[in-house]
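Structure file query.cif with mmCIF, C-alpha atoms:
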data_start
#
loop_
_atom_site.label_atom_id
_atom_site.label_comp_id
_atom_site.auth_asym_id
_atom_site.auth_seq_id
_atom_site.Cartn_x
_atom_site.Cartn_y
_atom_site.Cartn_z
CA MET F 20 28.43 -33.93 -14.99
CA LYS F 21 30.53 -30.78 -15.06
CA THR F 22 29.55 -27.13 -15.37
CA GLN F 23 30.98 -23.73 -14.55
CA VAL F 24 28.21 -22.65 -12.15
CA ALA F 25 25.94 -25.05 -10.26
CA ILE F 26 22.72 -23.33 -9.21
CA ILE F 27 20.62 -24.77 -6.39
CA GLY F 28 17.01 -23.64 -6.71
CA GLY F 29 14.79 -23.40 -9.79
CA GLY F 30 12.70 -20.41 -8.78
CA PRO F 31 12.99 -16.99 -10.42
CA SER F 32 16.39 -16.19 -8.86
CA GLY F 33 18.12 -19.36 -9.98
CA LEU F 34 16.53 -19.29 -13.43
CA LEU F 35 17.38 -15.62 -13.96
CA LEU F 36 21.02 -16.20 -13.01
CA SER F 37 21.21 -19.22 -15.31
CA GLN F 38 19.72 -17.29 -18.23
CA LEU F 39 21.98 -14.26 -17.70
CA LEU F 40 25.05 -16.51 -17.58
CA HIS F 41 23.90 -18.16 -20.81
CA THR F 42 23.84 -14.78 -22.59
CA VAL F 43 27.61 -14.42 -22.06
CA GLY F 44 28.51 -18.06 -22.68
CA ILE F 45 28.90 -19.27 -19.09
CA SER F 46 27.48 -22.75 -18.49
CA SER F 47 25.23 -23.67 -15.58
CA ILE F 48 23.02 -26.47 -14.30
CA VAL F 49 19.95 -25.72 -12.16
CA LEU F 50 18.77 -28.13 -9.45
CA GLU F 51 15.14 -27.87 -8.31
CA ARG F 52 13.59 -29.82 -5.43
CA LYS F 53 10.05 -29.74 -6.84
CA THR F 54 8.47 -30.22 -10.25
CA LYS F 55 8.14 -27.42 -12.78
CA GLU F 56 4.35 -27.53 -12.32
CA TYR F 57 4.70 -27.10 -8.56
CA VAL F 58 6.98 -24.09 -8.93
CA LEU F 59 4.59 -22.46 -11.38
CA GLY F 60 1.68 -23.13 -9.01
CA ARG F 61 3.12 -20.95 -6.26
CA ILE F 62 1.29 -17.64 -5.86
CA ARG F 63 3.65 -14.74 -5.17
CA ALA F 64 3.62 -10.97 -5.42
CA GLY F 65 4.61 -9.20 -8.60
CA VAL F 66 5.66 -5.58 -8.05
CA LEU F 67 8.89 -5.23 -10.04
CA GLU F 68 11.48 -2.50 -9.58
CA GLN F 69 13.04 -1.05 -12.72
CA GLY F 70 16.28 -2.83 -11.87
CA PHE F 71 14.48 -6.17 -12.09
CA VAL F 72 12.76 -5.14 -15.32
CA GLN F 73 16.13 -4.27 -16.86
CA LEU F 74 17.59 -7.64 -15.79
CA MET F 75 14.73 -9.44 -17.53
CA ARG F 76 15.43 -7.43 -20.67
CA LYS F 77 19.15 -8.18 -20.45
CA ALA F 78 18.27 -11.88 -20.11
CA GLY F 79 16.11 -11.70 -23.26
CA CYS F 80 12.96 -12.60 -21.32
CA SER F 81 10.97 -9.37 -21.37
CA GLU F 82 8.68 -9.65 -24.39
CA ARG F 83 5.55 -10.80 -22.55
CA MET F 84 6.38 -8.73 -19.46
CA ASP F 85 6.67 -5.56 -21.55
CA ALA F 86 3.42 -6.35 -23.37
CA GLU F 87 1.27 -7.47 -20.43
CA GLY F 88 2.77 -5.83 -17.32
CA PHE F 89 0.94 -2.94 -15.69
CA VAL F 90 3.03 0.21 -15.33
CA HIS F 91 2.24 1.87 -12.00
CA ASP F 92 3.18 5.49 -11.52
CA GLY F 93 2.55 5.47 -7.80
CA THR F 94 0.76 4.02 -4.82
CA VAL F 95 -1.77 5.11 -2.21
CA ILE F 96 -1.42 4.98 1.57
CA SER F 97 -4.62 5.35 3.54
CA ASN F 98 -4.87 6.57 7.11
CA ALA F 99 -8.37 5.40 8.07
CA ASP F 100 -10.54 7.15 5.43
CA GLU F 101 -7.87 9.61 4.31
CA LEU F 102 -5.98 8.82 1.08
CA ILE F 103 -2.34 9.86 0.65
CA GLU F 104 -1.51 9.59 -3.04
CA LEU F 105 2.15 9.20 -3.96
CA ASN F 106 3.22 9.64 -7.60
CA PHE F 107 6.51 7.79 -8.05
CA THR F 108 7.06 9.10 -11.55
CA GLU F 109 6.73 12.71 -10.41
CA LEU F 110 8.80 12.13 -7.28
CA THR F 111 11.61 10.04 -8.81
CA GLY F 112 11.09 9.87 -12.56
CA THR F 113 10.60 6.11 -12.28
CA PRO F 114 7.49 3.88 -12.13
CA VAL F 115 7.16 0.25 -11.03
CA LEU F 116 5.72 -2.64 -13.02
CA VAL F 117 3.08 -5.08 -11.77
CA TYR F 118 3.71 -8.49 -13.35
CA GLY F 119 3.15 -11.67 -11.35
CA GLN F 120 6.12 -13.65 -10.10
CA THR F 121 4.54 -16.78 -11.54
CA GLU F 122 4.60 -15.15 -14.98
CA VAL F 123 8.22 -14.08 -14.49
CA THR F 124 9.10 -17.67 -13.65
CA ARG F 125 7.16 -19.01 -16.63
CA ASP F 126 9.03 -16.67 -18.98
CA LEU F 127 12.38 -17.72 -17.52
CA TYR F 128 11.55 -21.42 -17.83
CA GLU F 129 10.59 -20.89 -21.46
CA ALA F 130 13.86 -19.09 -22.17
CA ARG F 131 16.01 -21.74 -20.49
CA GLU F 132 14.21 -24.56 -22.30
CA LYS F 133 14.49 -22.77 -25.65
CA ALA F 134 18.23 -22.36 -25.08
CA GLY F 135 18.64 -26.02 -24.10
CA GLY F 136 19.46 -25.12 -20.51
CA GLN F 137 19.85 -28.05 -18.13
CA ILE F 138 17.39 -28.16 -15.21
CA GLU F 139 17.18 -31.17 -12.90
CA TYR F 140 13.80 -31.56 -11.16
CA GLU F 141 12.72 -33.50 -8.04
CA VAL F 142 16.23 -33.31 -6.65
CA GLU F 143 16.77 -34.54 -3.10
CA ASP F 144 19.61 -34.89 -0.58
CA VAL F 145 21.74 -32.10 -2.05
CA VAL F 146 25.15 -31.80 -0.39
CA ILE F 147 27.69 -29.09 -1.20
CA HIS F 148 31.26 -30.41 -0.97
CA ASP F 149 34.60 -28.60 -0.79
CA ALA F 150 33.17 -25.11 -1.14
CA LYS F 151 36.36 -23.68 0.35
CA THR F 152 38.56 -25.32 -2.29
CA ASP F 153 39.13 -24.65 -6.00
CA ALA F 154 37.12 -27.74 -6.93
CA PRO F 155 33.66 -27.71 -5.30
CA TYR F 156 31.07 -30.30 -6.26
CA LEU F 157 27.51 -31.29 -5.48
CA THR F 158 26.01 -34.69 -4.80
CA TYR F 159 22.27 -35.35 -4.87
CA THR F 160 19.67 -37.94 -5.80
CA VAL F 161 16.85 -37.99 -8.34
CA HIS F 162 14.27 -40.75 -7.79
CA GLY F 163 16.84 -42.66 -5.76
CA GLU F 164 19.64 -42.35 -8.32
CA GLU F 165 22.82 -40.74 -7.02
CA ARG F 166 24.34 -37.98 -9.14
CA ARG F 167 27.26 -35.57 -8.98
CA ILE F 168 28.09 -32.19 -10.51
CA ASP F 169 31.64 -30.81 -10.54
CA CYS F 170 31.74 -27.04 -10.88
CA ASP F 171 33.75 -23.88 -10.39
CA TYR F 172 31.17 -22.05 -8.28
CA VAL F 173 27.90 -22.77 -6.45
CA ALA F 174 24.99 -20.31 -6.32
CA GLY F 175 22.57 -21.01 -3.47
CA CYS F 176 19.16 -19.79 -4.65
CA ASP F 177 17.26 -22.41 -2.66
CA GLY F 178 15.33 -20.29 -0.20
CA PHE F 179 15.20 -19.94 3.55
CA HIS F 180 14.93 -23.69 4.23
CA GLY F 181 17.49 -24.78 1.63
CA VAL F 182 20.83 -26.47 2.11
CA SER F 183 23.02 -23.59 0.93
CA ARG F 184 22.94 -21.34 3.99
CA GLN F 185 23.27 -24.32 6.33
CA THR F 186 26.46 -25.33 4.51
CA ILE F 187 28.23 -22.26 5.87
CA PRO F 188 29.52 -23.28 9.33
CA SER F 189 27.56 -21.85 12.24
CA ASP F 190 30.70 -20.30 13.71
CA VAL F 191 31.21 -18.38 10.45
CA ARG F 192 27.74 -17.01 9.79
CA GLN F 193 25.83 -14.56 11.92
CA GLU F 194 22.05 -14.36 11.69
CA PHE F 195 19.84 -11.36 12.46
CA GLU F 196 16.10 -11.88 12.80
CA LYS F 197 12.89 -10.17 13.85
CA VAL F 198 9.65 -12.18 13.86
CA TYR F 199 6.49 -10.07 13.70
CA PRO F 200 3.47 -10.99 15.87
CA PHE F 201 1.05 -11.27 12.93
CA GLY F 202 0.69 -12.60 9.41
CA TRP F 203 -1.03 -11.62 6.18
CA LEU F 204 -4.19 -13.46 5.17
CA GLY F 205 -4.36 -13.12 1.40
CA ILE F 206 -6.99 -14.10 -1.14
CA LEU F 207 -6.96 -14.18 -4.92
CA SER F 208 -10.26 -13.46 -6.63
CA GLU F 209 -11.36 -13.16 -10.25
CA THR F 210 -12.64 -9.63 -9.76
CA PRO F 211 -11.51 -6.25 -11.13
CA PRO F 212 -9.09 -4.38 -8.86
CA VAL F 213 -10.76 -1.82 -6.63
CA HIS F 214 -8.22 0.88 -7.58
CA GLU F 215 -5.73 1.49 -10.37
CA GLU F 216 -2.87 1.67 -7.84
CA LEU F 217 -1.98 -0.45 -4.81
CA ILE F 218 -3.50 0.86 -1.58
CA TYR F 219 -1.69 0.25 1.73
CA CYS F 220 -4.22 0.75 4.53
CA ASN F 221 -3.61 1.71 8.14
CA SER F 222 -6.82 1.38 10.12
CA PRO F 223 -7.81 0.97 13.79
CA HIS F 224 -8.79 -2.61 12.90
CA GLY F 225 -5.40 -3.51 11.44
CA PHE F 226 -3.54 -3.40 8.16
CA ALA F 227 -5.03 -4.21 4.74
CA LEU F 228 -3.66 -4.12 1.19
CA CYS F 229 -5.46 -3.73 -2.12
CA SER F 230 -3.37 -5.24 -4.89
CA MET F 231 -3.86 -6.89 -8.26
CA ARG F 232 -2.44 -9.33 -10.80
CA ASN F 233 -4.25 -8.07 -13.89
CA ALA F 234 -7.44 -6.30 -14.97
CA ASN F 235 -9.63 -9.20 -13.82
CA LEU F 236 -7.57 -10.74 -11.02
CA SER F 237 -7.27 -9.07 -7.62
CA ARG F 238 -5.08 -9.87 -4.63
CA TYR F 239 -6.22 -8.59 -1.23
CA TYR F 240 -4.71 -8.97 2.24
CA VAL F 241 -5.60 -8.36 5.88
CA GLN F 242 -3.38 -8.52 8.94
CA VAL F 243 -4.29 -11.44 11.23
CA PRO F 244 -2.87 -12.93 14.45
CA LEU F 245 -0.39 -15.77 13.94
CA THR F 246 -2.79 -18.07 15.78
CA ASP F 247 -5.45 -17.74 13.05
CA LYS F 248 -6.08 -20.61 10.61
CA VAL F 249 -7.14 -20.26 7.00
CA GLU F 250 -10.12 -22.56 7.65
CA GLU F 251 -11.49 -20.02 10.14
CA TRP F 252 -11.81 -17.41 7.40
CA SER F 253 -14.76 -17.90 5.07
CA ASP F 254 -14.93 -15.65 2.02
CA GLU F 255 -17.80 -13.76 3.65
CA ARG F 256 -15.82 -13.13 6.82
CA PHE F 257 -12.81 -11.95 4.79
CA TRP F 258 -14.77 -9.47 2.70
CA ASP F 259 -16.55 -8.07 5.76
CA GLU F 260 -13.26 -7.53 7.59
CA PHE F 261 -11.52 -6.19 4.49
CA LYS F 262 -14.22 -3.56 3.96
CA ARG F 263 -13.84 -2.42 7.60
CA ARG F 264 -10.16 -1.65 7.03
CA ILE F 265 -10.15 0.13 3.68
CA PRO F 266 -11.36 3.72 3.16
CA ALA F 267 -15.15 4.05 2.86
CA GLU F 268 -14.98 5.54 -0.64
CA VAL F 269 -12.90 2.54 -1.78
CA ALA F 270 -15.16 0.01 -0.05
CA GLU F 271 -18.14 1.38 -1.99
CA LYS F 272 -16.43 0.43 -5.28
CA LEU F 273 -15.23 -3.00 -4.17
CA VAL F 274 -16.38 -5.95 -6.30
CA THR F 275 -16.33 -9.17 -4.28
CA GLY F 276 -16.39 -12.77 -5.44
CA PRO F 277 -15.35 -16.29 -4.48
CA SER F 278 -11.68 -16.75 -3.63
CA ILE F 279 -9.62 -19.00 -5.89
CA GLU F 280 -6.68 -19.08 -3.45
CA LYS F 281 -6.39 -18.26 0.23
CA SER F 282 -3.39 -18.46 2.53
CA ILE F 283 -1.72 -16.95 5.58
CA ALA F 284 1.91 -15.83 5.38
CA PRO F 285 3.91 -15.06 8.54
CA LEU F 286 6.11 -11.95 8.52
CA ARG F 287 9.78 -11.82 9.44
CA SER F 288 12.91 -9.81 8.80
CA PHE F 289 16.03 -11.95 8.46
CA VAL F 290 19.61 -11.52 7.25
CA THR F 291 22.59 -13.84 7.38
CA GLU F 292 26.17 -12.63 7.07
CA PRO F 293 28.34 -13.28 5.15
CA MET F 294 26.55 -14.11 1.88
CA SER F 295 29.52 -16.07 0.54
CA TRP F 296 31.85 -18.75 1.80
CA GLY F 297 34.65 -19.93 -0.41
CA ARG F 298 33.06 -20.62 -3.79
CA LEU F 299 29.51 -20.72 -2.45
CA PHE F 300 27.32 -17.63 -2.89
CA LEU F 301 23.90 -17.08 -1.32
CA CYS F 302 21.15 -15.25 -3.20
CA GLY F 303 17.61 -14.19 -2.32
CA ASP F 304 15.70 -15.94 0.46
CA ALA F 305 18.67 -18.19 1.17
CA ALA F 306 20.36 -15.11 2.63
CA HIS F 307 17.59 -12.73 3.64
CA ILE F 308 13.84 -12.37 4.16
CA VAL F 309 11.80 -9.17 4.26
CA PRO F 310 8.18 -8.68 5.27
CA PRO F 311 6.10 -8.15 2.11
CA THR F 312 5.26 -4.56 3.07
CA GLY F 313 7.09 -2.55 0.42
CA ALA F 314 7.40 -5.39 -2.14
CA LYS F 315 11.13 -6.00 -1.69
CA GLY F 316 11.46 -9.81 -1.53
CA LEU F 317 11.80 -10.70 -5.21
CA ASN F 318 13.47 -7.39 -5.99
CA THR F 319 16.17 -7.82 -3.36
CA ALA F 320 16.87 -11.28 -4.75
CA ALA F 321 17.23 -9.68 -8.18
CA SER F 322 19.89 -7.29 -6.92
CA ASP F 323 21.85 -10.27 -5.55
CA ILE F 324 21.62 -11.92 -8.97
CA HIS F 325 22.85 -8.71 -10.60
CA TYR F 326 25.92 -8.52 -8.36
CA LEU F 327 26.73 -12.23 -8.72
CA PHE F 328 26.22 -12.27 -12.49
CA GLU F 329 28.46 -9.24 -12.97
CA ALA F 330 31.09 -10.81 -10.69
CA LEU F 331 31.08 -14.14 -12.55
CA LYS F 332 31.11 -12.40 -15.93
CA ALA F 333 34.14 -10.33 -14.91
CA HIS F 334 35.89 -13.49 -13.65
CA TYR F 335 35.32 -15.59 -16.77
CA LEU F 336 35.54 -12.91 -19.45
CA GLU F 337 38.14 -10.55 -17.99
CA GLY F 338 40.00 -12.51 -15.32
CA ASP F 339 38.88 -9.97 -12.73
CA ASP F 340 38.00 -11.49 -9.32
CA SER F 341 37.26 -8.25 -7.47
CA GLY F 342 33.48 -8.73 -7.90
CA ILE F 343 33.62 -12.28 -6.55
CA GLU F 344 35.71 -11.21 -3.59
CA GLY F 345 33.44 -8.26 -2.84
CA TYR F 346 30.08 -9.92 -3.58
CA SER F 347 28.92 -10.38 0.01
CA GLU F 348 29.84 -6.88 1.15
CA LYS F 349 28.25 -5.20 -1.87
CA ALA F 350 25.08 -7.28 -1.76
CA LEU F 351 24.62 -6.76 1.98
CA LEU F 352 24.86 -2.98 1.69
CA ARG F 353 21.76 -2.96 -0.49
CA VAL F 354 20.04 -5.78 1.44
CA TRP F 355 20.17 -3.86 4.72
CA LYS F 356 18.71 -0.75 3.07
CA ALA F 357 15.81 -2.86 1.74
CA GLU F 358 15.42 -4.45 5.19
CA ARG F 359 15.21 -0.99 6.75
CA PHE F 360 12.54 0.16 4.32
CA SER F 361 10.43 -2.98 4.74
CA TRP F 362 10.74 -2.79 8.54
CA TRP F 363 9.75 0.91 8.48
CA MET F 364 6.73 0.32 6.22
CA THR F 365 5.61 -2.57 8.42
CA ASN F 366 5.83 -0.47 11.58
CA LEU F 367 4.07 2.44 9.91
CA LEU F 368 1.03 0.52 8.73
CA HIS F 369 0.31 -2.35 11.16
CA ARG F 370 -1.26 -2.59 14.57
CA PHE F 371 1.04 -4.33 17.07
CA PRO F 372 -0.31 -6.15 20.16
CA GLU F 373 1.94 -4.15 22.49
CA GLN F 374 1.03 -0.74 21.03
CA GLY F 375 -0.27 1.75 23.56
CA PRO F 376 -2.03 5.10 22.97
CA PHE F 377 1.32 6.90 22.67
CA ASP F 378 2.59 4.47 20.02
CA ILE F 379 -0.57 4.90 17.96
CA LYS F 380 -0.30 8.69 18.20
CA MET F 381 3.30 8.47 16.97
CA GLN F 382 2.20 6.30 14.07
CA GLN F 383 -0.45 8.85 13.17
CA ALA F 384 2.12 11.67 13.39
CA GLU F 385 4.38 9.78 11.01
CA LEU F 386 1.52 9.34 8.52
CA ASN F 387 0.61 13.03 8.80
CA PHE F 388 4.24 14.00 8.22
CA LEU F 389 4.30 11.80 5.13
CA ARG F 390 1.07 13.42 3.89
CA ASP F 391 2.39 16.97 4.35
CA ASN F 392 6.07 16.67 3.47
CA LYS F 393 7.19 16.27 -0.14
CA GLU F 394 10.71 15.26 0.86
CA ALA F 395 9.35 12.42 3.02
CA GLN F 396 7.25 11.28 0.08
CA LYS F 397 10.31 11.37 -2.16
CA VAL F 398 12.32 9.20 0.25
CA LEU F 399 9.53 6.63 0.34
CA ALA F 400 9.23 6.70 -3.45
CA GLN F 401 13.00 6.29 -3.95
CA ASN F 402 12.99 3.18 -1.80
CA TYR F 403 9.81 1.74 -3.30
CA VAL F 404 10.88 2.02 -6.94
CA GLY F 405 14.24 0.56 -6.00
CA LEU F 406 17.60 1.93 -4.95
CA PRO F 407 20.31 1.79 -7.63
CA TYR F 408 22.44 -1.34 -7.91
#
Using the file provided, produce a representation of the structure as structure tokens.
Amino acid sequence: MKTQVAIIGGGPSGLLLSQLLHTVGISSIVLERKTKEYVLGRIRAGVLEQGFVQLMRKAGCSERMDAEGFVHDGTVISNADELIELNFTELTGTPVLVYGQTEVTRDLYEAREKAGGQIEYEVEDVVIHDAKTDAPYLTYTVHGEERRIDCDYVAGCDGFHGVSRQTIPSDVRQEFEKVYPFGWLGILSETPPVHEELIYCNSPHGFALCSMRNANLSRYYVQVPLTDKVEEWSDERFWDEFKRRIPAEVAEKLVTGPSIEKSIAPLRSFVTEPMSWGRLFLCGDAAHIVPPTGAKGLNTAASDIHYLFEALKAHYLEGDDSGIEGYSEKALLRVWKAERFSWWMTNLLHRFPEQGPFDIKMQQAELNFLRDNKEAQKVLAQNYVGLPY
């Protein structure tokens, strides 16, 4: 097989890139390690920056998102029982949209299938060959059958554990990482959200987050040690601990119910440089990871897709290679800003094992400054709704 752009990874990043390329007549083939059903079964966050929303519209995949997504004008940060309400629309003129990543992926699959896009599922043993030449190609197997794709460029959208980043020689890439000493225990429950906005909670007992998927589906989280196991957390234990960490006036309104999904996610900050090598380009989790505090994971991947799509479009339609040559530098500038914001939010809201009385007082001073200073609120809001591409 031959295509212009071979895309490794059939999650939202790879599908969005494929669909955007299709809109300007650039061919692609997507390789996915799992089945479509498996990908759609993954539960992920769904706070979308306006940049991501505009990309979905540009890709022609926004009809259901525009109809069913929840526009959020702000968020709430709680300091014990005190609520700090931040209105993004007032502070920046821009809201965010809550629309689950699973639904984003479903819409993108539908668009690619409707357009006759080629997606190979249950792909194994992917190897990227000759990425530093003008004729890269991929080899892989599907159910034991060996296959090959010749292409002009390779987009690595295959996540942290994928083959793409590992293809860049270790003496070329530099990796920066911070592993946090806790994870997020999250549950999904068929209950109405406790508040119309997300609430990020700093409490003496640890961090908690009130989130939602829709009017009857809530997503709640608590900070837990990395040594904890999901099996140790019954629904009853979760709800009791969750209520301890959220403001009393919010806890009084909380509707509890059986969990339909429960998992623990570790937190890390990670960036690899460069994000390109020859004709191989890294996007999303293949190049960087952020802690979920601040909702930047999917959105930072989207900015990568924006830069790569515009670079490939300029190459094929205008013969301009400046975007391709500058992709890594441009993408990393925005990635590091998102990393900074996610790191700052994580430090602001969590309890760390090594924190002493002074550290906690400093955290409280930071929260009080945020409460009292409109400019500080504006900076947070600018980062949360998404920095410009």
Open item on the list: Applying 7 Å and only C-alpha atoms, which residues near Tyr156 in chain F remain after dropping the ones on its own chain fewer than 3 positions away? List them as number ranges by chain.
Closed with: F: 147-149, 168-170
TODO: Could you tell me which residues the PyMOL selection byres ((chain F and resi 203) around 10) returns for this structure, as a PyMOL selection string?
DONE: chain F and resi 201-202+204-206+226-228+239-245+282-286+310-312
Task: Answer key for the PyMOL selection byres ((chain F and resi 232) around 9), residues as a ChimeraX atom specification - done: /F:64-65,89,117-119,207,212,230-231,233-238
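For the set F:Val161, F:Leu301, F:Met75, F:Leu50, the residue with the smallest atom-to-atom gap to Gly136 in chain F is F:Leu50, counting all atoms listed in the file.
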Open item on the list: Given the PyMOL selection byres ((chain F and resi 66) around 12) and the file above, list the residues it selects as a PyMOL selection string.
Closed with: chain F and resi 63-65+67-72+84+88-94+114-123+216-217+230-233+311-319+403-405
For the selection you just gave me, I'd like the residues written to a file as a compact mmCIF listing (two decimals), keeping the file's coordinate frame, keeping C-alpha atoms.
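Result file follows (part.txt):
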# COMPACT_ATOMS: atom_id res chain seq x y z
CA ARG F 63 3.65 -14.74 -5.17
CA ALA F 64 3.62 -10.97 -5.42
CA GLY F 65 4.61 -9.20 -8.60
CA LEU F 67 8.89 -5.23 -10.04
CA GLU F 68 11.48 -2.50 -9.58
CA GLN F 69 13.04 -1.05 -12.72
CA GLY F 70 16.28 -2.83 -11.87
CA PHE F 71 14.48 -6.17 -12.09
CA VAL F 72 12.76 -5.14 -15.32
CA MET F 84 6.38 -8.73 -19.46
CA GLY F 88 2.77 -5.83 -17.32
CA PHE F 89 0.94 -2.94 -15.69
CA VAL F 90 3.03 0.21 -15.33
CA HIS F 91 2.24 1.87 -12.00
CA ASP F 92 3.18 5.49 -11.52
CA GLY F 93 2.55 5.47 -7.80
CA THR F 94 0.76 4.02 -4.82
CA PRO F 114 7.49 3.88 -12.13
CA VAL F 115 7.16 0.25 -11.03
CA LEU F 116 5.72 -2.64 -13.02
CA VAL F 117 3.08 -5.08 -11.77
CA TYR F 118 3.71 -8.49 -13.35
CA GLY F 119 3.15 -11.67 -11.35
CA GLN F 120 6.12 -13.65 -10.10
CA THR F 121 4.54 -16.78 -11.54
CA GLU F 122 4.60 -15.15 -14.98
CA VAL F 123 8.22 -14.08 -14.49
CA GLU F 216 -2.87 1.67 -7.84
CA LEU F 217 -1.98 -0.45 -4.81
CA SER F 230 -3.37 -5.24 -4.89
CA MET F 231 -3.86 -6.89 -8.26
CA ARG F 232 -2.44 -9.33 -10.80
CA ASN F 233 -4.25 -8.07 -13.89
CA PRO F 311 6.10 -8.15 2.11
CA THR F 312 5.26 -4.56 3.07
CA GLY F 313 7.09 -2.55 0.42
CA ALA F 314 7.40 -5.39 -2.14
CA LYS F 315 11.13 -6.00 -1.69
CA GLY F 316 11.46 -9.81 -1.53
CA LEU F 317 11.80 -10.70 -5.21
CA ASN F 318 13.47 -7.39 -5.99
CA THR F 319 16.17 -7.82 -3.36
CA TYR F 403 9.81 1.74 -3.30
CA VAL F 404 10.88 2.02 -6.94
CA GLY F 405 14.24 0.56 -6.00
Task: Counting all atoms listed in the file, the option among F:Glu268, F:Asp378, F:Glu143, F:Asp126 closest to Ala78 in chain F - done: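 That would be F:Asp126, the residue with the smallest distance to Ala78 in chain F.
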Task: Counting all atoms listed in the file, the residue of F:Val213, F:Ala306, F:Cys176, F:Ala321 that sits nearest Glu271 in chain F - done: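 Residue with the minimum atom-to-atom distance to Glu271 in chain F: F:Val213.
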Task: Interatomic distance, CA of Lys397 in chain F to CA of Trp355 in chain F (Å, one decimal) - done: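 Interatomic distance, CA of Lys397 in chain F to CA of Trp355 in chain F: 19.4 Å.
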Task: Distance of CA of Leu34 in chain F from CA of Glu56 in chain F, expressed in Å to one decimal place - done: 14.7 Å
Enclosing box along x, y and z for every listed atom of range 223-242 of chain F, padded 6 Å each side, centre and size in Å, one decimal, as JSON:
{"center_x": -6.0, "center_y": -4.9, "center_z": -0.6, "size_x": 19.2, "size_y": 23.7, "size_z": 40.8}
TODO: Rounded to one decimal place, report the CA of Leu386 in chain F-CA of Thr113 in chain F distance in Å.
DONE: 22.9 Å
Open item on the list: Can you pull out the residues contacting range 179-185 of chain F? Cut-off 10 Å, using all atoms listed in the file, and skip same-chain residues under 6 positions away; I want them as a ChimeraX atom specification.
Closed with: /F:27-28,52,144-147,173,192,289,291-296,299-308
Open item on the list: Given all atoms listed in the file as the basis, pick out the residue of F:Pro277, F:Gly112, F:Gly342, F:Pro211 nearest to Asp323 in chain F.
Closed with: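 The shortest atom-to-atom distance to Asp323 in chain F comes from F:Gly342.
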Task: Non-local contacts of Ala350 in chain F (8 Å; all atoms listed in the file; under 2 positions in same chain excluded) as a PyMOL selection string - done: chain F and resi 294+322-323+326+346-348+352-354
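Closest approach to Phe257 in chain F among F:Lys281, F:Lys77, F:Arg370, F:Arg83 is made by F:Lys281 (distances from all atoms listed in the file).
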- [ ] Determine the nearest neighbour of Glu358 in chain F from the options F:Ala154, F:Val309, F:Met20, F:Ala267, counting all atoms listed in the file.
- [x]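 Closest to Glu358 in chain F of all the choices is F:Val309.
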